[in-house]
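*Asks:* What follows is a single structure, and I will ask about it in a moment.
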Amino acid sequence: MLKRPNAEPASPGSARISSHQLFHPPLANGLAPLAPDVPTAMLGNLSPAQFMRRYWQKKPLLIRGALPALASPLTRDELFELADRDVVESRLITHVRNKWALEHGPFAPDELPSLKQRAWTLLVQGVDLHDERARMLLERFRFIPDARLDDLMISYATDGGGVGPHFDSYDVFLLQVHGKRLWRIGAQRDLSLKPDLPLKVLQHFEPDAEWLLEPGDMLYLPPHIAHDGIAQGECMTCSIGFRAPTAGELTAQFLYHLAEKQDANVSTERYRDPQQPAVARPAEVPAALVGKMGAILAKIRWNDGDIASFLGAYLSEPKPTVVFDPPKRPLDEIRFIRQAAKTGIRLDRKSVLLYDRRAYYLNGEENTLPGAKSWVVELADRRRLSAKRFVTLSRHPSMTARLHEWYCAGWIQVGELG
Ligand code: SIN
Ligand code: CO
């Protein structure tokens, strides 16, 4: 087994399908998928298509009243409970007497500073993996491909709290969900950081705009825009973050994927040196070794299919902390089908299901698409199948057996809501 190069720490091809498959009636919980060409208050009355053309990866956008009726997906106490779990990535940032400090969780309740203490922030990453309401908030951002969506982070801060002026390498939507936060942003070129700090703080922050965000307001920032958000009183902010692997990370992961798939004859071929003369300098690496290695590397070949297959598997791979929860007493296949025909099914919130023209990828595993095309594409795009759709689509012979396997693995759940 090859050792996989380390993925970057967490900070998230399309098949030809007809347009009627893309737009469905509102989801059972009232969340309708955003249609690309329909203006929405969530994007300041721009359509998703206009937002992507004018702002995405280009310039910041402040949206007042983006999601006005939305309460925080989690209460403060629920967030603190999550920060106490060791499968959850959390950080505590304090700024006392001009000194920044960073600690990594888990945090027992008595390890967090008092609520009366000023200027501390608790950041909890990947909340969508642990809470259905948080996952539902991410659903609203699926006008951007799942391949790009990373996670939902929620921050809690006491008055004066913040993480310091910094920039991110990823796009982010900063949604205020409780209390007020003053955001200052700047499109500065100088992104040098203060040395010897436990977190990234800009050396010279030059804001050129400032806004006080209230619950429901949202700020979109493309990568590398300097920003600083300071809580005015207690506040909570949701960050919807995106993934953008570096070329180095993609290359390392792709080469690993390719090496794993290489023909056994190629990868087991060993170095041979029948012409090696006796040496007086045993520590010197033989020059012929370089030539031989070059010849091995020159045999590496790949095509677009290898790239697509790598991307699907890599992008749908669960994060290292993800553990699925199989049902304790699983229904057998017949009972599962009966139940699903009454209540429908949905992908577990931790599952990632992607597809391209040839294949689909569920939680890092690739399968060919053709026979399964209609039901997999629908389940992937909607993340659920209503009872009616399940009954209609279950004409595909292999579908129910496959879904039952996924249900037993905890990758899908029976029923529309958790
Ligand atoms: C926060 O929510 O406190 C920080 C989010 C960010 O600046 O990216
Ligand atoms: Co940031």
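Each chain in the structure tokens gets a letter, A, B and so on, in the order shown; residues start at 1 in every chain, and ligands are counted from 1 in the order they appear.
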Mind checking DSSP for segment 73-293 of chain A and telling me the strand (DSSP E) residues as an NGL selection string?

*Replies:* :A and (90-96 or 99-104 or 120-124 or 149-157 or 172-186 or 209-213 or 218-221 or 226-242)

*Asks:* Counting only C-alpha atoms and all ligand atoms, which protein, DNA or RNA residues come within 9 Å of ligand 2, given as a PyMOL selection string?

*Replies:* chain A and resi 163-170+172+174+221+225-229+239

*Asks:* Which residues, written as a list in words, have at least one atom at most 7 Å from Asp159 of chain A, with only C-alpha atoms counted and residues fewer than 3 positions away on the same chain left out?

*Replies:*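 Surrounding residues, per the criterion: Arg118, Ala119, Ala231, Gln232, Gly233 and Glu234 of chain A.
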
*Asks:* Name the residues, by chain letter and number, that sit within 6 Å of ligand 1 using only C-alpha atoms and all ligand atoms, and give them as a PyMOL selection string.

*Replies:* chain A and resi 155+162-163+237

*Asks:* Closest to Gly179 of chain A among A:Arg76, A:Ala147, A:Pro277, A:Phe242, using only C-alpha atoms?

*Replies:* A:Arg76

*Asks:* Within 6 Å of segment 372-396 of chain A, which residues of segment 249-349 of chain A show up? Give each one with its shortest atom-to-atom distance in Å (one decimal) and the two atoms involved, counting only C-alpha atoms, rows by chain then rising residue number, as JSON lines.

*Replies:*
```
{"residue": "A:Ala341", "atom": "CA", "partner": "A:Ala387", "partner_atom": "CA", "distance": 4.8}
{"residue": "A:Lys342", "atom": "CA", "partner": "A:Ala387", "partner_atom": "CA", "distance": 5.4}
{"residue": "A:Thr343", "atom": "CA", "partner": "A:Ala387", "partner_atom": "CA", "distance": 5.0}
{"residue": "A:Gly344", "atom": "CA", "partner": "A:Ala387", "partner_atom": "CA", "distance": 3.8}
{"residue": "A:Ile345", "atom": "CA", "partner": "A:Leu385", "partner_atom": "CA", "distance": 5.4}
{"residue": "A:Arg346", "atom": "CA", "partner": "A:Arg384", "partner_atom": "CA", "distance": 3.9}
{"residue": "A:Leu347", "atom": "CA", "partner": "A:Arg383", "partner_atom": "CA", "distance": 5.3}
```

*Asks:* Would you save the residues of that selection, restricted to N, CA and C atoms, as a PDB file, in the first residue's frame?

*Replies:*
```
ATOM      1  N   ALA A 341     -40.076   3.655   0.185  1.00  0.00           N
ATOM      2  CA  ALA A 341     -41.199   3.956  -0.701  1.00  0.00           C
ATOM      3  C   ALA A 341     -42.247   4.812   0.013  1.00  0.00           C
ATOM      4  N   LYS A 342     -42.215   4.812   1.361  1.00  0.00           N
ATOM      5  CA  LYS A 342     -43.168   5.642   2.135  1.00  0.00           C
ATOM      6  C   LYS A 342     -42.573   7.010   2.454  1.00  0.00           C
ATOM      7  N   THR A 343     -41.258   7.041   2.759  1.00  0.00           N
ATOM      8  CA  THR A 343     -40.690   8.284   3.303  1.00  0.00           C
ATOM      9  C   THR A 343     -39.571   8.887   2.462  1.00  0.00           C
ATOM     10  N   GLY A 344     -39.121   8.190   1.414  1.00  0.00           N
ATOM     11  CA  GLY A 344     -38.009   8.696   0.612  1.00  0.00           C
ATOM     12  C   GLY A 344     -36.671   8.435   1.299  1.00  0.00           C
ATOM     13  N   ILE A 345     -35.609   8.879   0.651  1.00  0.00           N
ATOM     14  CA  ILE A 345     -34.265   8.710   1.223  1.00  0.00           C
ATOM     15  C   ILE A 345     -33.478  10.003   1.027  1.00  0.00           C
ATOM     16  N   ARG A 346     -32.411  10.144   1.796  1.00  0.00           N
ATOM     17  CA  ARG A 346     -31.537  11.312   1.599  1.00  0.00           C
ATOM     18  C   ARG A 346     -30.106  10.903   1.876  1.00  0.00           C
ATOM     19  N   LEU A 347     -29.193  11.637   1.258  1.00  0.00           N
ATOM     20  CA  LEU A 347     -27.778  11.397   1.543  1.00  0.00           C
ATOM     21  C   LEU A 347     -27.517  11.820   2.975  1.00  0.00           C
TER      22      LEU A 347
END
```

*Asks:* So how far away is atom CA of Arg349 of chain A from atom CA of Arg140 of chain A, in Å?

*Replies:*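 Computing the Euclidean distance for atom CA of Arg140 of chain A and atom CA of Arg349 of chain A yields 14.1 Å.
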
*Asks:* Give me the residues near segment 128-139 of chain A as a list in words, where near means some atom within 7 Å (using only C-alpha atoms) and where sequence neighbours in that chain fewer than 6 positions away do not count.

*Replies:*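 Skipping anything fewer than 6 positions along the chain leaves Pro73, Asp151, Leu152, Arg349, Lys350 and Gly418 of chain A.
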
*Asks:* So that I have them on file, write out the residues from the current selection with C-alpha atoms, as a short mmCIF file (atom, residue, chain, number, x, y, z; two decimals), in the first residue's frame.

*Replies:*
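Output contents, as saved in selection_16.cif:
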```
data_model
loop_
_atom_site.label_atom_id
_atom_site.label_comp_id
_atom_site.auth_asym_id
_atom_site.auth_seq_id
_atom_site.Cartn_x
_atom_site.Cartn_y
_atom_site.Cartn_z
CA PRO A 73 -28.16 27.19 13.02
CA ASP A 151 -17.55 23.62 4.99
CA LEU A 152 -19.48 25.76 7.40
CA ARG A 349 -24.97 15.00 5.74
CA LYS A 350 -21.39 13.65 5.74
CA GLY A 418 -33.00 13.98 10.18
#
```

*Asks:* Could you give me, as a PyMOL selection string, the residues within 10 Å of Leu92 of chain A, counting only C-alpha atoms and dropping anything in the same chain fewer than 4 positions from it?

*Replies:* chain A and resi 83+101-107+111-113+120-124+155-157+163

*Asks:* Could you check the closest approach to Met153 of chain A for each of A:Val323, A:Leu175, A:Ala313, A:Ile240 and tell me which residue wins, using only C-alpha atoms?

*Replies:*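 Checking each of A:Val323, A:Leu175, A:Ala313, A:Ile240 against Met153 of chain A, counting only C-alpha atoms, the winner is A:Ile240.
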
*Asks:* Among segment 159-368 of chain A, which residues does DSSP mark as helix (DSSP H, G or I) when it is run on the backbone? Keep the chain and numbering as in the structure and answer as a ChimeraX atom specification.

*Replies:* /A:247-261,264-267,287-298,304-316,333-343
